[in-house]
Amino acid sequence: MNTPLLIICGPTATGKTDLAISLAQKFKGEIVSADSRQVYKGMTIGTGKQYSEIIKIWGYDLVDPNEEFSLGHFLKFANEKIIEISVRGNLPILVGGTGLYIKGILENFETASIPPNQQLRTELENTTVAALYQKLRELDNAKALSLNESDRQNPRRLIRAIEITVSKENTNLFKEKYNSLLIGLRSDIGFLEKRVDESVKRRLKNGVFAEVKDLLLNKTSVNHMSMSATGYKEICSYLNGEISETEAIKKWKLSERQYVKRQLTWFQKQNDIHWFDIQNSSYKSEVEDLVEKWHNKQCQEKSRFPIKQ
RNA sequence: GCUGAGGUGGUGGAGCGGUCAAUCACAACAGACUGUAAAUCUGUCGUCCGAAAGGGCUACGUAGGUUCAAAUCCUGCCCUCAGCA
């Protein structure tokens, strides 16, 4: 029998973690965060981490903001964590807004374990998209043809595709299979925008500016991926004197809204998500009912086919 | 009141007689996504008809004028900004 895995996804500022905590209490769960920016130490206020005293949340503070972290690291970490939690007899709950990370857990990404090839990336840095595409066609024509019009013009994707063809690494390292239930939280865009604005306000009050200042003082490079996070990016521009404080806040709010839309576009396309509107006052109990049914079924099967973990 | 600069699409800002429905950027809208994913990339973007090719209409403060042709030249008027009174 496959490991049960409860997943809570959706755009930012929908209360995913709050919901997860309450479900974890009810169903004896532990949370694994699927968030590409909460992995960085010291990025707490801006990324909206919610440390909980009652429920363990894994996946926060995994690396320094100057370190590399990406899908491959996440899959390794999260898959191990989920199994551990399950072995412990608890329910693993994966919570987050990083769509690719969640997809990576659910599907088998064969090439996700191939690490970046820095030398190659530097070499190809200034190559035009046309030339990159041409190169990919020579190396792996099938792959090149499989790319859509958008990706054919995306240097980052083209370089990665080339990187994979050149790689000698073993693939297929993350091969877990889960019995998952996906819960998606969302609402109409106007409501979500309001929530996002409030959340920005709250984080300002909680001292994000000071947090970013500290990070920069601790030698975090503005060019590092961690500092491309929404809010951090804008605050860095302000601290570097490129824009005013008011502008930074305005841009931050804007980026948040745009991010919400991108997340909605992504998640809308994913299959098997049970969607709940957070404006619906009874959504929490509806989620609980659904999870309970699913959870009971998992438990029954477990007792019917007991296997040694 | 005088002098100088300027008024362009949702915004910033090019254009300075024809190839202009107007470079570009931003916003907006739609979308893509298999180790950077809170990243990156694509398409649309005055309006109407059309599946498309294409066509019609309305537009560069405003009213006139010059010209075969005006966002671009000239004049009046109305605004904005800067300097002087």
# chains A, B, ... in the order shown; residues from 1 in each chain; ligands from 1
call {"tool": "interface_residues", "arguments": {"of": "chain A", "to": "chain B", "cutoff": "8 Å", "atoms": "only C-alpha atoms (C1' of nucleotides)", "output": "MDAnalysis selection string"}}
result
chainID A and resid 36:37 70:73 98:100 104 109:116 148:151 153:154 156:157 225 228:230 259
call {"tool": "write_last_selection", "arguments": {"atoms": "C-alpha atoms", "output": "PDB file, in the first residue's frame"}}
result
ATOM      1  CA  SER A  36      10.704  27.572  -2.493  1.00  0.00           C
ATOM      2  CA  ARG A  37      11.486  30.661  -0.401  1.00  0.00           C
ATOM      3  CA  SER A  70      16.005  23.974  -5.900  1.00  0.00           C
ATOM      4  CA  LEU A  71      13.558  21.323  -6.975  1.00  0.00           C
ATOM      5  CA  GLY A  72      16.032  18.462  -6.699  1.00  0.00           C
ATOM      6  CA  HIS A  73      16.922  19.332  -3.129  1.00  0.00           C
ATOM      7  CA  THR A  98       5.168  26.223  -5.114  1.00  0.00           C
ATOM      8  CA  GLY A  99       3.321  24.302  -7.770  1.00  0.00           C
ATOM      9  CA  LEU A 100       6.308  22.628  -9.318  1.00  0.00           C
ATOM     10  CA  GLY A 104       7.393  16.875  -8.443  1.00  0.00           C
ATOM     11  CA  PHE A 109      10.498  13.688 -12.556  1.00  0.00           C
ATOM     12  CA  GLU A 110      13.189  11.596 -14.113  1.00  0.00           C
ATOM     13  CA  THR A 111      15.707  14.352 -14.651  1.00  0.00           C
ATOM     14  CA  ALA A 112      15.149  16.275 -11.457  1.00  0.00           C
ATOM     15  CA  SER A 113      18.214  14.783  -9.845  1.00  0.00           C
ATOM     16  CA  ILE A 114      20.576  16.115 -12.483  1.00  0.00           C
ATOM     17  CA  PRO A 115      22.393  19.009 -10.842  1.00  0.00           C
ATOM     18  CA  PRO A 116      23.226  22.284 -12.532  1.00  0.00           C
ATOM     19  CA  ASN A 148       6.411  24.671 -27.056  1.00  0.00           C
ATOM     20  CA  GLU A 149       6.818  28.103 -28.659  1.00  0.00           C
ATOM     21  CA  SER A 150       7.168  29.784 -25.320  1.00  0.00           C
ATOM     22  CA  ASP A 151       9.889  27.508 -23.985  1.00  0.00           C
ATOM     23  CA  GLN A 153      12.365  31.307 -26.393  1.00  0.00           C
ATOM     24  CA  ASN A 154      13.119  30.779 -22.737  1.00  0.00           C
ATOM     25  CA  ARG A 156      16.696  29.256 -18.853  1.00  0.00           C
ATOM     26  CA  ARG A 157      14.706  26.281 -20.049  1.00  0.00           C
ATOM     27  CA  MET A 225      17.852  33.429  -5.923  1.00  0.00           C
ATOM     28  CA  SER A 228      14.417  37.327  -5.957  1.00  0.00           C
ATOM     29  CA  ALA A 229      11.555  36.561  -3.617  1.00  0.00           C
ATOM     30  CA  THR A 230       8.574  38.852  -3.780  1.00  0.00           C
ATOM     31  CA  TYR A 259       2.136  36.016  -8.302  1.00  0.00           C
TER      32      TYR A 259
END
call {"tool": "residues_around", "arguments": {"residues": "A:Leu204", "least_positions_apart": "2", "cutoff": "12 Å", "atoms": "only C-alpha atoms (C1' of nucleotides)", "output": "VMD selection string"}}
result
chain A and resid 45 to 48 197 to 202 206 to 212 231 to 232 235 245 to 246 248 to 249 252 to 253
call {"tool": "write_last_selection", "arguments": {"atoms": "N, CA and C atoms", "output": "PDB file, in the first residue's frame"}}
result
ATOM      1  N   ILE A  45       9.836  36.791   8.134  1.00  0.00           N
ATOM      2  CA  ILE A  45       8.671  37.682   8.059  1.00  0.00           C
ATOM      3  C   ILE A  45       8.195  37.805   6.623  1.00  0.00           C
ATOM      4  N   GLY A  46       9.135  38.048   5.744  1.00  0.00           N
ATOM      5  CA  GLY A  46       8.789  38.273   4.350  1.00  0.00           C
ATOM      6  C   GLY A  46       8.166  37.076   3.666  1.00  0.00           C
ATOM      7  N   THR A  47       8.573  35.884   4.059  1.00  0.00           N
ATOM      8  CA  THR A  47       8.019  34.697   3.401  1.00  0.00           C
ATOM      9  C   THR A  47       6.809  34.162   4.157  1.00  0.00           C
ATOM     10  N   GLY A  48       6.489  34.796   5.250  1.00  0.00           N
ATOM     11  CA  GLY A  48       5.291  34.407   5.984  1.00  0.00           C
ATOM     12  C   GLY A  48       5.367  33.039   6.644  1.00  0.00           C
ATOM     13  N   ASP A 197      -2.878  42.385   0.059  1.00  0.00           N
ATOM     14  CA  ASP A 197      -2.525  43.720   0.534  1.00  0.00           C
ATOM     15  C   ASP A 197      -2.447  43.759   2.053  1.00  0.00           C
ATOM     16  N   GLU A 198      -3.398  43.099   2.689  1.00  0.00           N
ATOM     17  CA  GLU A 198      -3.379  43.051   4.153  1.00  0.00           C
ATOM     18  C   GLU A 198      -2.142  42.325   4.651  1.00  0.00           C
ATOM     19  N   SER A 199      -1.810  41.259   3.967  1.00  0.00           N
ATOM     20  CA  SER A 199      -0.662  40.475   4.378  1.00  0.00           C
ATOM     21  C   SER A 199       0.633  41.278   4.230  1.00  0.00           C
ATOM     22  N   VAL A 200       0.709  42.077   3.187  1.00  0.00           N
ATOM     23  CA  VAL A 200       1.887  42.939   3.015  1.00  0.00           C
ATOM     24  C   VAL A 200       1.952  43.937   4.167  1.00  0.00           C
ATOM     25  N   LYS A 201       0.818  44.521   4.472  1.00  0.00           N
ATOM     26  CA  LYS A 201       0.757  45.497   5.551  1.00  0.00           C
ATOM     27  C   LYS A 201       1.242  44.880   6.869  1.00  0.00           C
ATOM     28  N   ARG A 202       0.773  43.686   7.125  1.00  0.00           N
ATOM     29  CA  ARG A 202       1.131  42.989   8.351  1.00  0.00           C
ATOM     30  C   ARG A 202       2.639  42.750   8.401  1.00  0.00           C
ATOM     31  N   ASN A 206       5.494  43.989  10.972  1.00  0.00           N
ATOM     32  CA  ASN A 206       6.326  43.034  11.697  1.00  0.00           C
ATOM     33  C   ASN A 206       7.822  43.216  11.449  1.00  0.00           C
ATOM     34  N   GLY A 207       8.160  44.137  10.567  1.00  0.00           N
ATOM     35  CA  GLY A 207       9.572  44.462  10.390  1.00  0.00           C
ATOM     36  C   GLY A 207      10.316  43.779   9.266  1.00  0.00           C
ATOM     37  N   VAL A 208       9.681  43.633   8.135  1.00  0.00           N
ATOM     38  CA  VAL A 208      10.408  43.050   6.987  1.00  0.00           C
ATOM     39  C   VAL A 208      11.597  43.867   6.575  1.00  0.00           C
ATOM     40  N   PHE A 209      11.465  45.185   6.621  1.00  0.00           N
ATOM     41  CA  PHE A 209      12.581  46.019   6.179  1.00  0.00           C
ATOM     42  C   PHE A 209      13.834  45.688   6.982  1.00  0.00           C
ATOM     43  N   ALA A 210      13.658  45.594   8.294  1.00  0.00           N
ATOM     44  CA  ALA A 210      14.798  45.261   9.157  1.00  0.00           C
ATOM     45  C   ALA A 210      15.326  43.871   8.816  1.00  0.00           C
ATOM     46  N   GLU A 211      14.424  42.974   8.521  1.00  0.00           N
ATOM     47  CA  GLU A 211      14.842  41.612   8.193  1.00  0.00           C
ATOM     48  C   GLU A 211      15.729  41.611   6.952  1.00  0.00           C
ATOM     49  N   VAL A 212      15.299  42.338   5.920  1.00  0.00           N
ATOM     50  CA  VAL A 212      16.076  42.367   4.685  1.00  0.00           C
ATOM     51  C   VAL A 212      17.418  43.064   4.922  1.00  0.00           C
ATOM     52  N   GLY A 231       8.833  40.901  -2.564  1.00  0.00           N
ATOM     53  CA  GLY A 231       9.030  41.710  -1.373  1.00  0.00           C
ATOM     54  C   GLY A 231      10.504  41.962  -1.129  1.00  0.00           C
ATOM     55  N   TYR A 232      11.268  40.931  -1.014  1.00  0.00           N
ATOM     56  CA  TYR A 232      12.708  41.060  -0.785  1.00  0.00           C
ATOM     57  C   TYR A 232      13.357  41.816  -1.938  1.00  0.00           C
ATOM     58  N   ILE A 235      12.406  45.460  -1.681  1.00  0.00           N
ATOM     59  CA  ILE A 235      13.043  46.111  -0.544  1.00  0.00           C
ATOM     60  C   ILE A 235      14.538  46.286  -0.808  1.00  0.00           C
ATOM     61  N   GLU A 245      10.860  54.337  -0.823  1.00  0.00           N
ATOM     62  CA  GLU A 245      10.199  53.367   0.042  1.00  0.00           C
ATOM     63  C   GLU A 245       8.758  53.126  -0.426  1.00  0.00           C
ATOM     64  N   THR A 246       8.074  54.240  -0.741  1.00  0.00           N
ATOM     65  CA  THR A 246       6.689  54.126  -1.205  1.00  0.00           C
ATOM     66  C   THR A 246       6.608  53.285  -2.468  1.00  0.00           C
ATOM     67  N   ALA A 248       8.694  51.037  -3.426  1.00  0.00           N
ATOM     68  CA  ALA A 248       9.026  49.647  -3.108  1.00  0.00           C
ATOM     69  C   ALA A 248       7.793  48.909  -2.613  1.00  0.00           C
ATOM     70  N   ILE A 249       7.049  49.562  -1.738  1.00  0.00           N
ATOM     71  CA  ILE A 249       5.860  48.915  -1.185  1.00  0.00           C
ATOM     72  C   ILE A 249       4.812  48.702  -2.264  1.00  0.00           C
ATOM     73  N   TRP A 252       5.887  45.921  -4.451  1.00  0.00           N
ATOM     74  CA  TRP A 252       5.775  44.654  -3.733  1.00  0.00           C
ATOM     75  C   TRP A 252       4.337  44.135  -3.816  1.00  0.00           C
ATOM     76  N   LYS A 253       3.401  45.006  -3.531  1.00  0.00           N
ATOM     77  CA  LYS A 253       1.997  44.605  -3.584  1.00  0.00           C
ATOM     78  C   LYS A 253       1.635  44.121  -4.980  1.00  0.00           C
TER      79      LYS A 253
END
call {"tool": "closest_residue", "arguments": {"among": "A:Pro4, A:Pro92, A:Gly241, A:Gly97", "to": "A:Gln38", "atoms": "only C-alpha atoms"}}
result
A:Gly97
call {"tool": "select_by_dssp", "arguments": {"residues": "stretch 107-293 of chain A", "states": "strand (DSSP E)", "output": "count of residues only"}}
result
14
call {"tool": "select_by_dssp", "arguments": {"residues": "stretch 71-268 of chain A", "states": "helix (DSSP H, G or I)", "output": "number ranges by chain"}}
result
A: 71-87, 99-106, 118-124, 129-139, 141-146, 151-153, 155-166, 189-205, 208-217, 225-228, 232-239, 245-268
call {"tool": "residues_around", "arguments": {"residues": "A:Gln268", "least_positions_apart": "5", "cutoff": "10 Å", "atoms": "only C-alpha atoms (C1' of nucleotides)", "output": "number ranges by chain"}}
result
A: 10, 184, 262-263, 273, 275
call {"tool": "residues_around", "arguments": {"residues": "A:Ile85", "least_positions_apart": "6", "cutoff": "12 Å", "atoms": "only C-alpha atoms (C1' of nucleotides)", "output": "number ranges by chain"}}
result
A: 3-5, 24, 28-32, 56-58, 78-79, 91-94, 309
call {"tool": "write_last_selection", "arguments": {"atoms": "C-alpha atoms", "output": "short mmCIF file (atom, residue, chain, number, x, y, z; two decimals), in the first residue's frame"}}
result
data_model
loop_
_atom_site.label_atom_id
_atom_site.label_comp_id
_atom_site.auth_asym_id
_atom_site.auth_seq_id
_atom_site.Cartn_x
_atom_site.Cartn_y
_atom_site.Cartn_z
CA THR A 3 1.96 6.07 1.79
CA PRO A 4 -0.97 8.41 2.42
CA LEU A 5 -0.24 12.06 1.77
CA ALA A 24 -2.77 18.17 11.72
CA LYS A 28 -2.33 13.53 14.08
CA GLY A 29 -0.32 15.05 11.32
CA GLU A 30 3.00 16.73 10.65
CA ILE A 31 3.47 19.41 8.06
CA VAL A 32 5.99 19.57 5.24
CA LYS A 56 5.91 20.26 13.65
CA ILE A 57 6.50 22.04 10.35
CA TRP A 58 9.33 20.66 8.24
CA ALA A 78 10.44 16.12 1.21
CA ASN A 79 10.21 12.52 0.06
CA LEU A 91 -0.14 11.79 8.68
CA PRO A 92 2.16 13.75 6.38
CA ILE A 93 0.61 17.01 5.18
CA LEU A 94 2.34 18.77 2.31
CA GLN A 309 7.45 -0.07 6.42
#
call {"tool": "atom_distance", "arguments": {"atom1": "atom CA of A:Ser221", "atom2": "atom CA of A:Asp64"}}
result
11.2 Å
call {"tool": "atom_distance", "arguments": {"atom1": "atom C1' of B:G64", "atom2": "atom C1' of B:C16"}}
result
20.9 Å
call {"tool": "atom_distance", "arguments": {"atom1": "atom C1' of B:C24", "atom2": "atom C1' of B:G12"}}
result
10.6 Å
call {"tool": "residues_around", "arguments": {"residues": "B:C74", "least_positions_apart": "4", "cutoff": "12 Å", "atoms": "only C-alpha atoms (C1' of nucleotides)", "output": "ChimeraX atom specification"}}
result
/B:64-67,70
call {"tool": "write_last_selection", "arguments": {"atoms": "N, CA and C atoms (P, O5', C5', C4', C3', O3' and C1' of nucleotides)", "output": "PDB file, in the first residue's frame"}}
result
ATOM      1  P     G B  64     -13.069  73.567 -36.383  1.00  0.00           P
ATOM      2  O5'   G B  64     -12.524  74.843 -37.116  1.00  0.00           O
ATOM      3  C5'   G B  64     -11.641  74.695 -38.217  1.00  0.00           C
ATOM      4  C4'   G B  64     -10.872  75.963 -38.396  1.00  0.00           C
ATOM      5  C3'   G B  64      -9.911  75.943 -39.564  1.00  0.00           C
ATOM      6  O3'   G B  64     -10.575  76.273 -40.769  1.00  0.00           O
ATOM      7  C1'   G B  64      -8.769  76.686 -37.653  1.00  0.00           C
ATOM      8  P     G B  65     -10.176  75.504 -42.080  1.00  0.00           P
ATOM      9  O5'   G B  65      -8.690  76.025 -42.347  1.00  0.00           O
ATOM     10  C5'   G B  65      -8.488  77.397 -42.664  1.00  0.00           C
ATOM     11  C4'   G B  65      -7.015  77.697 -42.710  1.00  0.00           C
ATOM     12  C3'   G B  65      -6.212  76.906 -43.740  1.00  0.00           C
ATOM     13  O3'   G B  65      -6.357  77.437 -45.032  1.00  0.00           O
ATOM     14  C1'   G B  65      -5.034  77.001 -41.703  1.00  0.00           C
ATOM     15  P     U B  66      -6.058  76.594 -46.296  1.00  0.00           P
ATOM     16  O5'   U B  66      -4.489  76.360 -46.207  1.00  0.00           O
ATOM     17  C5'   U B  66      -3.584  77.407 -46.543  1.00  0.00           C
ATOM     18  C4'   U B  66      -2.167  76.886 -46.504  1.00  0.00           C
ATOM     19  C3'   U B  66      -1.923  75.660 -47.369  1.00  0.00           C
ATOM     20  O3'   U B  66      -1.708  76.017 -48.726  1.00  0.00           O
ATOM     21  C1'   U B  66      -0.965  75.311 -45.243  1.00  0.00           C
ATOM     22  P     U B  67      -2.409  75.214 -49.861  1.00  0.00           P
ATOM     23  O5'   U B  67      -1.688  73.805 -49.764  1.00  0.00           O
ATOM     24  C5'   U B  67      -0.300  73.674 -50.078  1.00  0.00           C
ATOM     25  C4'   U B  67       0.146  72.284 -49.766  1.00  0.00           C
ATOM     26  C3'   U B  67      -0.681  71.178 -50.408  1.00  0.00           C
ATOM     27  O3'   U B  67      -0.305  70.977 -51.756  1.00  0.00           O
ATOM     28  C1'   U B  67      -0.264  70.653 -48.134  1.00  0.00           C
ATOM     29  P     A B  70      -3.355  65.541 -43.854  1.00  0.00           P
ATOM     30  O5'   A B  70      -2.816  64.614 -42.674  1.00  0.00           O
ATOM     31  C5'   A B  70      -1.561  64.004 -42.693  1.00  0.00           C
ATOM     32  C4'   A B  70      -0.794  64.426 -41.455  1.00  0.00           C
ATOM     33  C3'   A B  70      -1.707  64.838 -40.313  1.00  0.00           C
ATOM     34  O3'   A B  70      -1.500  63.951 -39.247  1.00  0.00           O
ATOM     35  C1'   A B  70      -0.058  66.517 -40.794  1.00  0.00           C
TER      36        A B  70
END
call {"tool": "closest_residue", "arguments": {"among": "A:Gly42, A:Ile159, A:Asp188, A:Asn280", "to": "A:Thr127", "atoms": "only C-alpha atoms"}}
result
A:Ile159
call {"tool": "residues_around", "arguments": {"residues": "B:U62", "least_positions_apart": "6", "cutoff": "12 Å", "atoms": "only C-alpha atoms (C1' of nucleotides)", "output": "list in words"}}
result
G7, G76, C77, C78 and C79 of chain B
call {"tool": "residues_around", "arguments": {"residues": "stretch 45-50 of chain B", "least_positions_apart": "6", "cutoff": "8 Å", "atoms": "only C-alpha atoms (C1' of nucleotides)", "output": "list in words"}}
result
G9, A21, C29, G56, C57, U58 and A59 of chain B
call {"tool": "decode", "arguments": {"residues": "stretch 24-133 of chain A", "atoms": "C-alpha atoms", "output": "compact mmCIF listing (two decimals), in the first residue's frame"}}
result
# COMPACT_ATOMS: atom_id res chain seq x y z
CA ALA A 24 -2.77 18.17 11.72
CA GLN A 25 -4.20 18.47 15.20
CA LYS A 26 -7.30 16.61 14.23
CA PHE A 27 -5.65 13.81 12.27
CA LYS A 28 -2.33 13.53 14.08
CA GLY A 29 -0.32 15.05 11.32
CA GLU A 30 3.00 16.73 10.65
CA ILE A 31 3.47 19.41 8.06
CA VAL A 32 5.99 19.57 5.24
CA SER A 33 6.23 23.00 3.62
CA ALA A 34 6.40 23.07 -0.18
CA ASP A 35 7.62 26.61 -0.55
CA SER A 36 10.70 27.57 -2.49
CA ARG A 37 11.49 30.66 -0.40
CA GLN A 38 10.68 29.48 3.10
CA VAL A 39 13.63 27.13 2.86
CA TYR A 40 16.00 30.02 3.49
CA LYS A 41 17.13 30.77 7.02
CA GLY A 42 16.48 34.30 8.16
CA MET A 43 13.77 34.91 5.63
CA THR A 44 10.92 34.65 8.03
CA ILE A 45 8.67 37.68 8.06
CA GLY A 46 8.79 38.27 4.35
CA THR A 47 8.02 34.70 3.40
CA GLY A 48 5.29 34.41 5.98
CA LYS A 49 6.61 31.46 7.94
CA GLN A 50 4.26 30.35 10.68
CA TYR A 51 6.25 28.47 13.28
CA SER A 52 3.88 26.39 15.33
CA GLU A 53 4.43 25.18 18.85
CA ILE A 54 1.98 22.35 18.64
CA ILE A 55 2.56 20.97 15.18
CA LYS A 56 5.91 20.26 13.65
CA ILE A 57 6.50 22.04 10.35
CA TRP A 58 9.33 20.66 8.24
CA GLY A 59 10.93 22.39 5.34
CA TYR A 60 11.59 25.82 6.82
CA ASP A 61 15.14 27.09 7.25
CA LEU A 62 16.93 24.38 5.34
CA VAL A 63 19.75 26.48 3.89
CA ASP A 64 21.41 29.88 4.15
CA PRO A 65 20.16 32.56 1.79
CA ASN A 66 23.45 32.37 -0.06
CA GLU A 67 23.18 28.66 -0.70
CA GLU A 68 21.68 26.88 -3.65
CA PHE A 69 18.37 25.20 -3.29
CA SER A 70 16.01 23.97 -5.90
CA LEU A 71 13.56 21.32 -6.98
CA GLY A 72 16.03 18.46 -6.70
CA HIS A 73 16.92 19.33 -3.13
CA PHE A 74 13.32 19.73 -2.27
CA LEU A 75 12.26 16.39 -3.68
CA LYS A 76 14.98 14.56 -1.83
CA PHE A 77 14.20 16.30 1.43
CA ALA A 78 10.44 16.12 1.21
CA ASN A 79 10.21 12.52 0.06
CA GLU A 80 12.40 11.42 2.96
CA LYS A 81 10.44 13.52 5.40
CA ILE A 82 7.09 12.25 4.25
CA ILE A 83 8.18 8.63 4.65
CA GLU A 84 9.64 9.35 8.08
CA ILE A 85 6.43 10.94 9.26
CA SER A 86 4.41 8.09 7.97
CA VAL A 87 6.65 5.50 9.60
CA ARG A 88 6.19 7.37 12.83
CA GLY A 89 2.50 6.68 12.43
CA ASN A 90 1.57 10.27 11.66
CA LEU A 91 -0.14 11.79 8.68
CA PRO A 92 2.16 13.75 6.38
CA ILE A 93 0.61 17.01 5.18
CA LEU A 94 2.34 18.77 2.31
CA VAL A 95 1.47 22.45 2.27
CA GLY A 96 2.55 25.10 -0.14
CA GLY A 97 2.17 27.35 -3.10
CA THR A 98 5.17 26.22 -5.11
CA GLY A 99 3.32 24.30 -7.77
CA LEU A 100 6.31 22.63 -9.32
CA TYR A 101 7.46 21.23 -5.98
CA ILE A 102 4.09 19.64 -5.39
CA LYS A 103 3.93 18.29 -8.90
CA GLY A 104 7.39 16.87 -8.44
CA ILE A 105 6.25 14.95 -5.38
CA LEU A 106 3.24 13.54 -7.18
CA GLU A 107 4.88 12.68 -10.45
CA ASN A 108 8.12 11.05 -11.21
CA PHE A 109 10.50 13.69 -12.56
CA GLU A 110 13.19 11.60 -14.11
CA THR A 111 15.71 14.35 -14.65
CA ALA A 112 15.15 16.27 -11.46
CA SER A 113 18.21 14.78 -9.84
CA ILE A 114 20.58 16.11 -12.48
CA PRO A 115 22.39 19.01 -10.84
CA PRO A 116 23.23 22.28 -12.53
CA ASN A 117 26.40 22.40 -14.55
CA GLN A 118 27.81 25.78 -13.59
CA GLN A 119 30.51 25.76 -16.22
CA LEU A 120 28.03 25.07 -18.97
CA ARG A 121 25.65 27.70 -17.67
CA THR A 122 28.35 30.33 -17.64
CA GLU A 123 29.42 29.32 -21.12
CA LEU A 124 25.93 29.64 -22.50
CA GLU A 125 25.01 32.73 -20.50
CA ASN A 126 25.21 35.17 -23.38
CA THR A 127 24.10 32.90 -26.18
CA THR A 128 21.03 33.97 -28.09
CA VAL A 129 17.87 31.90 -27.81
CA ALA A 130 18.07 31.02 -31.47
CA ALA A 131 21.56 29.63 -31.03
CA LEU A 132 20.59 27.79 -27.85
CA TYR A 133 17.70 26.18 -29.62
